[in-house]
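Just start13.pdb here, PDB, C-alpha atoms:
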ATOM      1  CA  MET M  74       0.000   0.000   0.000  1.00  0.00           C
ATOM      2  CA  LYS M  75       2.831   2.391   0.875  1.00  0.00           C
ATOM      3  CA  ASN M  76       4.505   1.694  -2.468  1.00  0.00           C
ATOM      4  CA  TYR M  77       1.246   2.385  -4.285  1.00  0.00           C
ATOM      5  CA  VAL M  78       0.784   5.722  -2.488  1.00  0.00           C
ATOM      6  CA  PHE M  79       4.412   6.653  -3.192  1.00  0.00           C
ATOM      7  CA  MET M  80       4.023   5.912  -6.900  1.00  0.00           C
ATOM      8  CA  MET M  81       0.810   7.954  -7.079  1.00  0.00           C
ATOM      9  CA  ILE M  82       2.495  10.933  -5.424  1.00  0.00           C
ATOM     10  CA  PHE M  83       5.598  10.558  -7.560  1.00  0.00           C
ATOM     11  CA  GLY M  84       3.512  10.366 -10.742  1.00  0.00           C
ATOM     12  CA  LEU M  85       1.660  13.546  -9.774  1.00  0.00           C
ATOM     13  CA  PHE M  86       5.020  15.194  -9.001  1.00  0.00           C
ATOM     14  CA  CYS M  87       6.351  14.363 -12.498  1.00  0.00           C
ATOM     15  CA  PHE M  88       3.124  15.482 -14.140  1.00  0.00           C
ATOM     16  CA  CYS M  89       3.349  18.871 -12.433  1.00  0.00           C
ATOM     17  CA  PHE M  90       6.909  19.303 -13.606  1.00  0.00           C
ATOM     18  CA  ALA M  91       5.913  18.446 -17.166  1.00  0.00           C
ATOM     19  CA  ALA M  92       3.003  20.891 -17.037  1.00  0.00           C
ATOM     20  CA  SER M  93       5.340  23.585 -15.709  1.00  0.00           C
ATOM     21  CA  ALA M  94       7.747  22.994 -18.584  1.00  0.00           C
ATOM     22  CA  GLN M  95       4.975  23.357 -21.133  1.00  0.00           C
ATOM     23  CA  ALA M  96       3.818  26.621 -19.548  1.00  0.00           C
ATOM     24  CA  HIS M  97       7.055  28.387 -20.529  1.00  0.00           C
ATOM     25  CA  MET M  98       6.803  30.457 -23.690  1.00  0.00           C
ATOM     26  CA  LEU M  99       9.047  32.709 -25.770  1.00  0.00           C
ATOM     27  CA  TRP M 100       7.592  35.844 -27.350  1.00  0.00           C
ATOM     28  CA  LEU M 101       8.524  39.122 -29.062  1.00  0.00           C
ATOM     29  CA  ILE M 102       7.007  42.578 -28.585  1.00  0.00           C
ATOM     30  CA  PRO M 103       8.086  45.466 -30.872  1.00  0.00           C
ATOM     31  CA  ASP M 104       7.796  48.971 -29.443  1.00  0.00           C
ATOM     32  CA  LYS M 105       6.717  50.358 -32.843  1.00  0.00           C
ATOM     33  CA  PRO M 106       4.255  48.194 -34.809  1.00  0.00           C
ATOM     34  CA  ALA M 107       4.209  50.744 -37.665  1.00  0.00           C
ATOM     35  CA  PRO M 108       7.581  52.550 -37.899  1.00  0.00           C
ATOM     36  CA  ASP M 109       8.751  54.793 -40.711  1.00  0.00           C
ATOM     37  CA  PRO M 110      11.715  53.689 -42.842  1.00  0.00           C
ATOM     38  CA  GLY M 111      14.946  54.445 -40.973  1.00  0.00           C
ATOM     39  CA  GLU M 112      13.240  54.478 -37.565  1.00  0.00           C
ATOM     40  CA  THR M 113      14.811  52.094 -35.047  1.00  0.00           C
ATOM     41  CA  VAL M 114      12.552  49.411 -33.572  1.00  0.00           C
ATOM     42  CA  THR M 115      13.195  47.938 -30.130  1.00  0.00           C
ATOM     43  CA  LEU M 116      12.193  44.315 -29.567  1.00  0.00           C
ATOM     44  CA  THR M 117      11.465  43.030 -26.070  1.00  0.00           C
ATOM     45  CA  ILE M 118      12.019  39.278 -25.713  1.00  0.00           C
ATOM     46  CA  GLY M 119       9.682  37.681 -23.219  1.00  0.00           C
ATOM     47  CA  PHE M 120      10.206  34.272 -21.659  1.00  0.00           C
ATOM     48  CA  GLY M 121       8.219  32.589 -18.920  1.00  0.00           C
ATOM     49  CA  HIS M 122       4.632  32.023 -17.882  1.00  0.00           C
ATOM     50  CA  HIS M 123       3.120  35.513 -17.786  1.00  0.00           C
ATOM     51  CA  PHE M 124       2.595  37.501 -20.995  1.00  0.00           C
ATOM     52  CA  PRO M 125       3.621  40.297 -21.393  1.00  0.00           C
ATOM     53  CA  ASP M 126       5.392  40.820 -18.049  1.00  0.00           C
ATOM     54  CA  ASP M 127       8.055  38.094 -17.952  1.00  0.00           C
ATOM     55  CA  LYS M 128      11.367  38.875 -19.669  1.00  0.00           C
ATOM     56  CA  MET M 129      14.311  36.851 -20.915  1.00  0.00           C
ATOM     57  CA  GLU M 130      16.835  37.292 -18.096  1.00  0.00           C
ATOM     58  CA  LYS M 131      19.728  34.916 -18.836  1.00  0.00           C
ATOM     59  CA  GLU M 132      22.518  35.483 -21.338  1.00  0.00           C
ATOM     60  CA  GLY M 133      23.142  32.895 -24.021  1.00  0.00           C
ATOM     61  CA  ARG M 134      19.741  31.196 -24.086  1.00  0.00           C
ATOM     62  CA  LEU M 135      18.652  32.502 -27.477  1.00  0.00           C
ATOM     63  CA  LYS M 136      19.762  30.791 -30.663  1.00  0.00           C
ATOM     64  CA  ARG M 137      19.195  33.934 -32.715  1.00  0.00           C
ATOM     65  CA  VAL M 138      16.919  36.929 -33.259  1.00  0.00           C
ATOM     66  CA  TYR M 139      16.424  38.317 -36.754  1.00  0.00           C
ATOM     67  CA  ALA M 140      14.028  39.970 -39.200  1.00  0.00           C
ATOM     68  CA  ILE M 141      13.000  39.185 -42.767  1.00  0.00           C
ATOM     69  CA  ALA M 142      12.566  42.309 -44.892  1.00  0.00           C
ATOM     70  CA  PRO M 143       9.817  42.767 -47.509  1.00  0.00           C
ATOM     71  CA  ASP M 144      12.267  41.786 -50.274  1.00  0.00           C
ATOM     72  CA  GLY M 145      13.072  38.515 -48.470  1.00  0.00           C
ATOM     73  CA  SER M 146      16.510  39.527 -47.220  1.00  0.00           C
ATOM     74  CA  GLU M 147      17.566  38.783 -43.646  1.00  0.00           C
ATOM     75  CA  VAL M 148      18.232  41.665 -41.261  1.00  0.00           C
ATOM     76  CA  ALA M 149      20.290  41.098 -38.126  1.00  0.00           C
ATOM     77  CA  CYS M 150      18.997  42.371 -34.785  1.00  0.00           C
ATOM     78  CA  GLN M 151      21.502  43.829 -32.333  1.00  0.00           C
ATOM     79  CA  ALA M 152      21.415  42.630 -28.723  1.00  0.00           C
ATOM     80  CA  LEU M 153      21.467  45.324 -26.042  1.00  0.00           C
ATOM     81  CA  SER M 154      20.611  42.893 -23.230  1.00  0.00           C
ATOM     82  CA  PRO M 155      19.187  39.356 -22.928  1.00  0.00           C
ATOM     83  CA  CYS M 156      15.681  40.772 -23.381  1.00  0.00           C
ATOM     84  CA  THR M 157      16.299  43.787 -25.631  1.00  0.00           C
ATOM     85  CA  TYR M 158      17.198  43.825 -29.329  1.00  0.00           C
ATOM     86  CA  ILE M 159      17.098  46.604 -31.916  1.00  0.00           C
ATOM     87  CA  PHE M 160      16.997  46.834 -35.688  1.00  0.00           C
ATOM     88  CA  THR M 161      16.252  49.554 -38.238  1.00  0.00           C
ATOM     89  CA  PRO M 162      13.871  48.770 -41.112  1.00  0.00           C
ATOM     90  CA  GLN M 163      14.678  50.573 -44.342  1.00  0.00           C
ATOM     91  CA  GLN M 164      12.078  49.204 -46.766  1.00  0.00           C
ATOM     92  CA  GLU M 165       8.376  49.910 -46.809  1.00  0.00           C
ATOM     93  CA  GLY M 166       6.250  46.832 -46.228  1.00  0.00           C
ATOM     94  CA  THR M 167       5.925  43.954 -43.776  1.00  0.00           C
ATOM     95  CA  TYR M 168       8.867  42.809 -41.692  1.00  0.00           C
ATOM     96  CA  TRP M 169       8.564  39.457 -39.945  1.00  0.00           C
ATOM     97  CA  LEU M 170      10.593  39.100 -36.743  1.00  0.00           C
ATOM     98  CA  PHE M 171      11.772  35.771 -35.356  1.00  0.00           C
ATOM     99  CA  ALA M 172      13.434  34.471 -32.194  1.00  0.00           C
ATOM    100  CA  ALA M 173      14.328  30.938 -31.161  1.00  0.00           C
ATOM    101  CA  LEU M 174      15.624  29.420 -27.951  1.00  0.00           C
ATOM    102  CA  LYS M 175      18.681  27.216 -28.214  1.00  0.00           C
ATOM    103  CA  PRO M 176      17.364  23.648 -28.514  1.00  0.00           C
ATOM    104  CA  GLY M 177      17.992  21.234 -25.684  1.00  0.00           C
ATOM    105  CA  PHE M 178      16.700  18.422 -23.516  1.00  0.00           C
ATOM    106  CA  VAL M 179      14.790  18.526 -20.253  1.00  0.00           C
ATOM    107  CA  SER M 180      14.112  15.420 -18.185  1.00  0.00           C
ATOM    108  CA  ASN M 181      12.061  14.402 -15.192  1.00  0.00           C
ATOM    109  CA  THR M 182      14.280  12.305 -12.936  1.00  0.00           C
ATOM    110  CA  THR M 183      13.749  10.611  -9.589  1.00  0.00           C
ATOM    111  CA  SER M 184      15.551  13.566  -7.996  1.00  0.00           C
ATOM    112  CA  GLY M 185      13.801  16.350  -9.882  1.00  0.00           C
ATOM    113  CA  ARG M 186      13.542  18.089 -13.242  1.00  0.00           C
ATOM    114  CA  LYS M 187      16.886  18.743 -14.917  1.00  0.00           C
ATOM    115  CA  LEU M 188      18.364  19.874 -18.205  1.00  0.00           C
ATOM    116  CA  GLY M 189      19.761  16.834 -19.995  1.00  0.00           C
ATOM    117  CA  ASN M 190      18.741  13.533 -21.559  1.00  0.00           C
ATOM    118  CA  LYS M 191      18.883   9.812 -20.813  1.00  0.00           C
ATOM    119  CA  GLN M 192      22.576   9.631 -21.669  1.00  0.00           C
ATOM    120  CA  THR M 193      23.698  12.634 -19.622  1.00  0.00           C
ATOM    121  CA  LEU M 194      21.507  12.102 -16.544  1.00  0.00           C
ATOM    122  CA  GLU M 195      20.759   9.222 -14.197  1.00  0.00           C
ATOM    123  CA  ASN M 196      17.348   7.844 -13.194  1.00  0.00           C
ATOM    124  CA  VAL M 197      15.408   9.571 -15.980  1.00  0.00           C
ATOM    125  CA  VAL M 198      11.647   9.019 -15.841  1.00  0.00           C
ATOM    126  CA  SER M 199      10.835  10.944 -19.034  1.00  0.00           C
ATOM    127  CA  CYS M 200      12.683  13.220 -21.452  1.00  0.00           C
ATOM    128  CA  SER M 201      11.621  15.925 -23.912  1.00  0.00           C
ATOM    129  CA  ALA M 202      13.692  17.596 -26.611  1.00  0.00           C
ATOM    130  CA  PHE M 203      12.373  21.154 -26.549  1.00  0.00           C
ATOM    131  CA  ARG M 204      12.134  23.505 -29.531  1.00  0.00           C
ATOM    132  CA  MET M 205      10.782  26.946 -28.580  1.00  0.00           C
ATOM    133  CA  SER M 206      10.256  29.956 -30.825  1.00  0.00           C
ATOM    134  CA  GLY M 207       8.276  33.134 -31.341  1.00  0.00           C
ATOM    135  CA  MET M 208       7.398  35.516 -34.143  1.00  0.00           C
ATOM    136  CA  THR M 209       5.671  38.833 -34.778  1.00  0.00           C
ATOM    137  CA  SER M 210       5.450  41.444 -37.514  1.00  0.00           C
ATOM    138  CA  ILE M 211       5.611  45.187 -38.112  1.00  0.00           C
ATOM    139  CA  ARG M 212       4.449  47.221 -41.079  1.00  0.00           C
ATOM    140  CA  CYS M 213       6.980  49.819 -42.176  1.00  0.00           C
ATOM    141  CA  GLY M 214       5.767  52.999 -43.857  1.00  0.00           C
ATOM    142  CA  LYS M 215       2.905  52.655 -46.328  1.00  0.00           C
ATOM    143  CA  GLY M 216       3.824  49.189 -47.564  1.00  0.00           C
ATOM    144  CA  GLU M 217       1.223  46.454 -47.851  1.00  0.00           C
ATOM    145  CA  TRP M 218       0.851  43.484 -45.526  1.00  0.00           C
ATOM    146  CA  GLU M 219       2.528  40.268 -46.607  1.00  0.00           C
ATOM    147  CA  GLN M 220       2.335  36.789 -45.110  1.00  0.00           C
ATOM    148  CA  ALA M 221       5.446  35.251 -43.586  1.00  0.00           C
ATOM    149  CA  GLY M 222       7.385  33.164 -46.067  1.00  0.00           C
ATOM    150  CA  GLY M 223       7.412  30.050 -43.867  1.00  0.00           C
ATOM    151  CA  GLY M 224      10.159  27.622 -42.997  1.00  0.00           C
ATOM    152  CA  ALA M 225      11.699  29.559 -40.127  1.00  0.00           C
ATOM    153  CA  PHE M 226      10.690  26.906 -37.573  1.00  0.00           C
ATOM    154  CA  ASP M 227       9.350  23.347 -37.559  1.00  0.00           C
ATOM    155  CA  LEU M 228       6.193  24.626 -35.841  1.00  0.00           C
ATOM    156  CA  GLU M 229       4.738  27.951 -37.003  1.00  0.00           C
ATOM    157  CA  LEU M 230       1.599  29.949 -36.282  1.00  0.00           C
ATOM    158  CA  VAL M 231       0.546  32.593 -38.815  1.00  0.00           C
ATOM    159  CA  PRO M 232      -2.493  34.788 -39.521  1.00  0.00           C
ATOM    160  CA  VAL M 233      -4.577  33.554 -42.448  1.00  0.00           C
ATOM    161  CA  ALA M 234      -5.182  37.149 -43.614  1.00  0.00           C
ATOM    162  CA  ASP M 235      -4.072  40.699 -42.802  1.00  0.00           C
ATOM    163  CA  PRO M 236      -4.801  41.180 -39.068  1.00  0.00           C
ATOM    164  CA  ALA M 237      -4.834  45.008 -39.316  1.00  0.00           C
ATOM    165  CA  GLY M 238      -8.079  46.563 -38.208  1.00  0.00           C
ATOM    166  CA  LYS M 239      -9.085  43.719 -35.918  1.00  0.00           C
ATOM    167  CA  LYS M 240     -10.730  44.886 -32.721  1.00  0.00           C
ATOM    168  CA  LYS M 241     -12.486  43.595 -29.655  1.00  0.00           C
ATOM    169  CA  ASP M 242     -15.233  41.057 -30.444  1.00  0.00           C
ATOM    170  CA  ASP M 243     -13.792  40.310 -33.899  1.00  0.00           C
ATOM    171  CA  THR M 244     -12.616  36.816 -34.844  1.00  0.00           C
ATOM    172  CA  ILE M 245      -9.124  36.099 -36.159  1.00  0.00           C
ATOM    173  CA  ALA M 246      -8.178  33.017 -38.169  1.00  0.00           C
ATOM    174  CA  LEU M 247      -4.754  31.504 -37.450  1.00  0.00           C
ATOM    175  CA  LYS M 248      -3.008  28.627 -39.196  1.00  0.00           C
ATOM    176  CA  VAL M 249      -0.709  26.094 -37.534  1.00  0.00           C
ATOM    177  CA  ILE M 250       1.989  24.651 -39.792  1.00  0.00           C
ATOM    178  CA  PHE M 251       4.268  21.766 -38.823  1.00  0.00           C
ATOM    179  CA  GLN M 252       7.269  21.054 -41.031  1.00  0.00           C
ATOM    180  CA  GLY M 253       5.629  22.857 -43.927  1.00  0.00           C
ATOM    181  CA  GLU M 254       2.197  21.204 -43.699  1.00  0.00           C
ATOM    182  CA  PRO M 255      -1.068  22.336 -42.024  1.00  0.00           C
ATOM    183  CA  LEU M 256      -1.470  20.665 -38.624  1.00  0.00           C
ATOM    184  CA  ALA M 257      -4.968  19.444 -37.792  1.00  0.00           C
ATOM    185  CA  GLY M 258      -5.984  18.923 -34.177  1.00  0.00           C
ATOM    186  CA  ALA M 259      -3.390  21.323 -32.782  1.00  0.00           C
ATOM    187  CA  SER M 260      -4.223  23.435 -29.748  1.00  0.00           C
ATOM    188  CA  VAL M 261      -3.958  27.245 -30.035  1.00  0.00           C
ATOM    189  CA  THR M 262      -4.056  29.135 -26.736  1.00  0.00           C
ATOM    190  CA  PRO M 263      -4.892  32.873 -26.860  1.00  0.00           C
ATOM    191  CA  ALA M 264      -3.788  35.363 -24.210  1.00  0.00           C
ATOM    192  CA  PRO M 265      -4.535  39.110 -24.215  1.00  0.00           C
ATOM    193  CA  ALA M 266      -2.065  41.524 -22.643  1.00  0.00           C
ATOM    194  CA  LYS M 267      -4.958  43.445 -21.100  1.00  0.00           C
ATOM    195  CA  HIS M 268      -7.432  41.367 -19.158  1.00  0.00           C
ATOM    196  CA  ASP M 269     -11.055  42.412 -18.904  1.00  0.00           C
ATOM    197  CA  HIS M 270     -12.031  41.452 -15.375  1.00  0.00           C
ATOM    198  CA  HIS M 271     -15.575  40.788 -16.541  1.00  0.00           C
ATOM    199  CA  HIS M 272     -14.436  38.176 -19.061  1.00  0.00           C
ATOM    200  CA  ASP M 273     -12.023  35.288 -18.886  1.00  0.00           C
ATOM    201  CA  SER M 274      -9.365  34.764 -21.543  1.00  0.00           C
ATOM    202  CA  PRO M 275     -10.727  32.707 -24.440  1.00  0.00           C
ATOM    203  CA  ALA M 276     -10.294  28.968 -24.128  1.00  0.00           C
ATOM    204  CA  ALA M 277      -7.821  27.084 -26.284  1.00  0.00           C
ATOM    205  CA  VAL M 278      -9.078  26.393 -29.799  1.00  0.00           C
ATOM    206  CA  GLU M 279      -8.346  23.254 -31.832  1.00  0.00           C
ATOM    207  CA  THR M 280      -7.343  23.560 -35.478  1.00  0.00           C
ATOM    208  CA  ASN M 281      -9.561  22.058 -38.168  1.00  0.00           C
ATOM    209  CA  ALA M 282      -8.522  19.757 -41.017  1.00  0.00           C
ATOM    210  CA  GLU M 283      -6.819  22.699 -42.761  1.00  0.00           C
ATOM    211  CA  GLY M 284      -4.831  23.583 -39.647  1.00  0.00           C
ATOM    212  CA  ILE M 285      -6.923  26.689 -38.974  1.00  0.00           C
ATOM    213  CA  ALA M 286      -8.143  27.908 -35.578  1.00  0.00           C
ATOM    214  CA  ARG M 287     -10.582  30.793 -35.189  1.00  0.00           C
ATOM    215  CA  VAL M 288     -10.312  32.871 -32.033  1.00  0.00           C
ATOM    216  CA  LYS M 289     -12.729  35.544 -30.858  1.00  0.00           C
ATOM    217  CA  LEU M 290     -10.919  38.567 -29.432  1.00  0.00           C
ATOM    218  CA  ASN M 291     -12.649  39.544 -26.200  1.00  0.00           C
ATOM    219  CA  ALA M 292     -10.199  42.368 -25.403  1.00  0.00           C
ATOM    220  CA  GLY M 293      -8.227  45.035 -27.229  1.00  0.00           C
ATOM    221  CA  GLY M 294      -4.485  45.609 -27.152  1.00  0.00           C
ATOM    222  CA  PRO M 295      -1.658  43.138 -27.884  1.00  0.00           C
ATOM    223  CA  TRP M 296      -2.364  39.414 -27.942  1.00  0.00           C
ATOM    224  CA  MET M 297      -0.173  36.337 -27.827  1.00  0.00           C
ATOM    225  CA  PHE M 298      -1.262  33.089 -29.456  1.00  0.00           C
ATOM    226  CA  THR M 299       0.566  29.871 -28.550  1.00  0.00           C
ATOM    227  CA  ALA M 300       0.674  26.592 -30.445  1.00  0.00           C
ATOM    228  CA  ARG M 301       2.179  23.400 -28.999  1.00  0.00           C
ATOM    229  CA  HIS M 302       2.894  20.035 -30.527  1.00  0.00           C
ATOM    230  CA  ASP M 303       4.531  16.779 -29.421  1.00  0.00           C
ATOM    231  CA  SER M 304       6.046  14.115 -31.638  1.00  0.00           C
ATOM    232  CA  PRO M 305       8.081  10.948 -30.937  1.00  0.00           C
ATOM    233  CA  TYR M 306      11.845  11.258 -30.628  1.00  0.00           C
ATOM    234  CA  PRO M 307      13.572   8.829 -33.019  1.00  0.00           C
ATOM    235  CA  LYS M 308      16.200   7.563 -30.547  1.00  0.00           C
ATOM    236  CA  LYS M 309      14.408   6.265 -27.465  1.00  0.00           C
ATOM    237  CA  ASP M 310      17.689   5.526 -25.682  1.00  0.00           C
ATOM    238  CA  LEU M 311      18.369   9.273 -25.790  1.00  0.00           C
ATOM    239  CA  CYS M 312      14.946  10.895 -25.299  1.00  0.00           C
ATOM    240  CA  ASP M 313      11.208  10.140 -25.505  1.00  0.00           C
ATOM    241  CA  SER M 314       9.621  12.984 -27.444  1.00  0.00           C
ATOM    242  CA  TYR M 315       9.977  16.358 -29.087  1.00  0.00           C
ATOM    243  CA  PHE M 316       8.130  19.255 -27.473  1.00  0.00           C
ATOM    244  CA  TYR M 317       7.469  22.184 -29.831  1.00  0.00           C
ATOM    245  CA  CYS M 318       6.110  25.512 -28.624  1.00  0.00           C
ATOM    246  CA  THR M 319       5.751  28.608 -30.799  1.00  0.00           C
ATOM    247  CA  THR M 320       4.043  31.951 -30.292  1.00  0.00           C
ATOM    248  CA  LEU M 321       2.632  34.705 -32.468  1.00  0.00           C
ATOM    249  CA  THR M 322       2.186  38.183 -30.995  1.00  0.00           C
ATOM    250  CA  LEU M 323      -0.065  40.743 -32.652  1.00  0.00           C
ATOM    251  CA  GLY M 324      -1.252  44.214 -31.694  1.00  0.00           C
ATOM    252  CA  PHE M 325      -4.810  45.364 -32.368  1.00  0.00           C
TER     253      PHE M 325
END

Once more with this new file: its structure as structure tokens, please.
Amino acid sequence: MKNYVFMMIFGLFCFCFAASAQAHMLWLIPDKPAPDPGETVTLTIGFGHHFPDDKMEKEGRLKRVYAIAPDGSEVACQALSPCTYIFTPQQEGTYWLFAALKPGFVSNTTSGRKLGNKQTLENVVSCSAFRMSGMTSIRCGKGEWEQAGGGAFDLELVPVADPAGKKKDDTIALKVIFQGEPLAGASVTPAPAKHDHHHDSPAAVETNAEGIARVKLNAGGPWMFTARHDSPYPKKDLCDSYFYCTTLTLGF
């Protein structure tokens, strides 16, 4: 009986750790959603549980932060701190901004949750290879809106159409793409930066057969949308599964 109780408690312990891991998100917030050409844009990199308050605090965790210009060229973003990057758009049109965490492994072990896999740690109960990313866009000058080109990450979340002009009580359509293909049955979690105390945040929405989720905006201001996906890891002696998490931030 004691062993049974111990295993129940231990299983709950591991589940809580796994849930905590999945609650972490990476996101980008530009200070100017519609700059003029030649006007410097400051990007705040958020990381944690609470959008938009949590910030990336540790050096060296990001793989890279960059922008794609309207002509398809890549524009480097300069780091001022772990959570602050700048770049200066020169072309009129839509710039898509991307950030990715350095990939790694996180495992639940009998002595706690640790960074590492089955070959670097002892007594591993479960292991996930995490891939975390975020994207957003700005519209420079009078240029027209353009969709992101795709292929930046394995898991991507993009607006189906131009999101400009959306407001409270409107519905936005978002598409989840995994390795270049629409992902049906994926969960998209919306989170407004400003919470209306009279209304809860919208519940997670599942994508349809075309990979599209439709979310009703019950608040104004910036929003973050999060998509997550798990898939088997090919080498079970190293890890159990991939955990993908990507975000899209938009201002309305």

Please produce, as JSON lines, a per-residue contact table for segment 189-274 of chain M versus segment 106-130 of chain M (criterion: any atom at most 9 Å away, all atoms listed in the file considered), showing the nearest atom pair and its distance in Å to one decimal, sorted by chain then residue number.
{"residue": "M:Ser210", "atom": "CA", "partner": "M:Pro106", "partner_atom": "CA", "distance": 7.4}
{"residue": "M:Ile211", "atom": "CA", "partner": "M:Pro106", "partner_atom": "CA", "distance": 4.7}
{"residue": "M:Arg212", "atom": "CA", "partner": "M:Ala107", "partner_atom": "CA", "distance": 4.9}
{"residue": "M:Cys213", "atom": "CA", "partner": "M:Pro108", "partner_atom": "CA", "distance": 5.1}
{"residue": "M:Gly214", "atom": "CA", "partner": "M:Asp109", "partner_atom": "CA", "distance": 4.7}
{"residue": "M:Lys215", "atom": "CA", "partner": "M:Asp109", "partner_atom": "CA", "distance": 8.4}
{"residue": "M:Ala264", "atom": "CA", "partner": "M:Phe124", "partner_atom": "CA", "distance": 7.5}
{"residue": "M:Pro265", "atom": "CA", "partner": "M:Phe124", "partner_atom": "CA", "distance": 8.0}
{"residue": "M:Ala266", "atom": "CA", "partner": "M:Pro125", "partner_atom": "CA", "distance": 5.9}

Report task. Given the file shown, determine the residues that the PyMOL selection byres ((chain M and resi 310) around 12) selects; report them as a ChimeraX atom specification. Result -> /M:190-194,197,199-200,306-309,311-314

Query raised in the report: For the file shown, what are the residues hit by the PyMOL selection byres ((chain M and resi 175-182) around 8), laid out as a list of chain:residue names?
Result: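 This file, filtered by the PyMOL selection byres ((chain M and resi 175-182) around 8), leaves M:Cys87, M:Phe90, M:Ala91, M:Arg134, M:Leu135, M:Lys136, M:Ala173, M:Leu174, M:Thr183, M:Ser184, M:Gly185, M:Arg186, M:Lys187, M:Leu188, M:Gly189, M:Asn190, M:Lys191, M:Glu195, M:Asn196, M:Val197, M:Val198, M:Ser199, M:Cys200, M:Ser201, M:Ala202, M:Phe203, M:Arg204, M:Met205, M:Cys312.
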
Keeping C-alpha atoms, export the residues of the selection given above as a PDB file, keeping the file's coordinate frame.
ATOM      1  CA  CYS M  87       6.351  14.363 -12.498  1.00  0.00           C
ATOM      2  CA  PHE M  90       6.909  19.303 -13.606  1.00  0.00           C
ATOM      3  CA  ALA M  91       5.913  18.446 -17.166  1.00  0.00           C
ATOM      4  CA  ARG M 134      19.741  31.196 -24.086  1.00  0.00           C
ATOM      5  CA  LEU M 135      18.652  32.502 -27.477  1.00  0.00           C
ATOM      6  CA  LYS M 136      19.762  30.791 -30.663  1.00  0.00           C
ATOM      7  CA  ALA M 173      14.328  30.938 -31.161  1.00  0.00           C
ATOM      8  CA  LEU M 174      15.624  29.420 -27.951  1.00  0.00           C
ATOM      9  CA  THR M 183      13.749  10.611  -9.589  1.00  0.00           C
ATOM     10  CA  SER M 184      15.551  13.566  -7.996  1.00  0.00           C
ATOM     11  CA  GLY M 185      13.801  16.350  -9.882  1.00  0.00           C
ATOM     12  CA  ARG M 186      13.542  18.089 -13.242  1.00  0.00           C
ATOM     13  CA  LYS M 187      16.886  18.743 -14.917  1.00  0.00           C
ATOM     14  CA  LEU M 188      18.364  19.874 -18.205  1.00  0.00           C
ATOM     15  CA  GLY M 189      19.761  16.834 -19.995  1.00  0.00           C
ATOM     16  CA  ASN M 190      18.741  13.533 -21.559  1.00  0.00           C
ATOM     17  CA  LYS M 191      18.883   9.812 -20.813  1.00  0.00           C
ATOM     18  CA  GLU M 195      20.759   9.222 -14.197  1.00  0.00           C
ATOM     19  CA  ASN M 196      17.348   7.844 -13.194  1.00  0.00           C
ATOM     20  CA  VAL M 197      15.408   9.571 -15.980  1.00  0.00           C
ATOM     21  CA  VAL M 198      11.647   9.019 -15.841  1.00  0.00           C
ATOM     22  CA  SER M 199      10.835  10.944 -19.034  1.00  0.00           C
ATOM     23  CA  CYS M 200      12.683  13.220 -21.452  1.00  0.00           C
ATOM     24  CA  SER M 201      11.621  15.925 -23.912  1.00  0.00           C
ATOM     25  CA  ALA M 202      13.692  17.596 -26.611  1.00  0.00           C
ATOM     26  CA  PHE M 203      12.373  21.154 -26.549  1.00  0.00           C
ATOM     27  CA  ARG M 204      12.134  23.505 -29.531  1.00  0.00           C
ATOM     28  CA  MET M 205      10.782  26.946 -28.580  1.00  0.00           C
ATOM     29  CA  CYS M 312      14.946  10.895 -25.299  1.00  0.00           C
TER      30      CYS M 312
END

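Note that atom CA of Lys241 of chain M and atom CA of Gly223 of chain M are 28.0 Å apart.
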
Report task. Using atom CA of Val138 of chain M and atom CA of Leu170 of chain M as the two end points, give the distance in Å to one decimal. Result ->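 Answer for the atom CA of Val138 of chain M to atom CA of Leu170 of chain M separation: 7.5 Å.
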
Query raised in the report: Which is closer to Val233 of chain M than all the others in M:Ala140, M:Val288, M:Leu247, M:Ile159, using only C-alpha atoms?
Result: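 Smallest separation from Val233 of chain M among the options: M:Leu247.
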
**Report entry** Protein/DNA/RNA residues near (-2.1, 19.7, -40.9), cut 6 Å, all atoms listed in the file, as a ChimeraX atom specification
**Finding:** /M:254-257,283-284
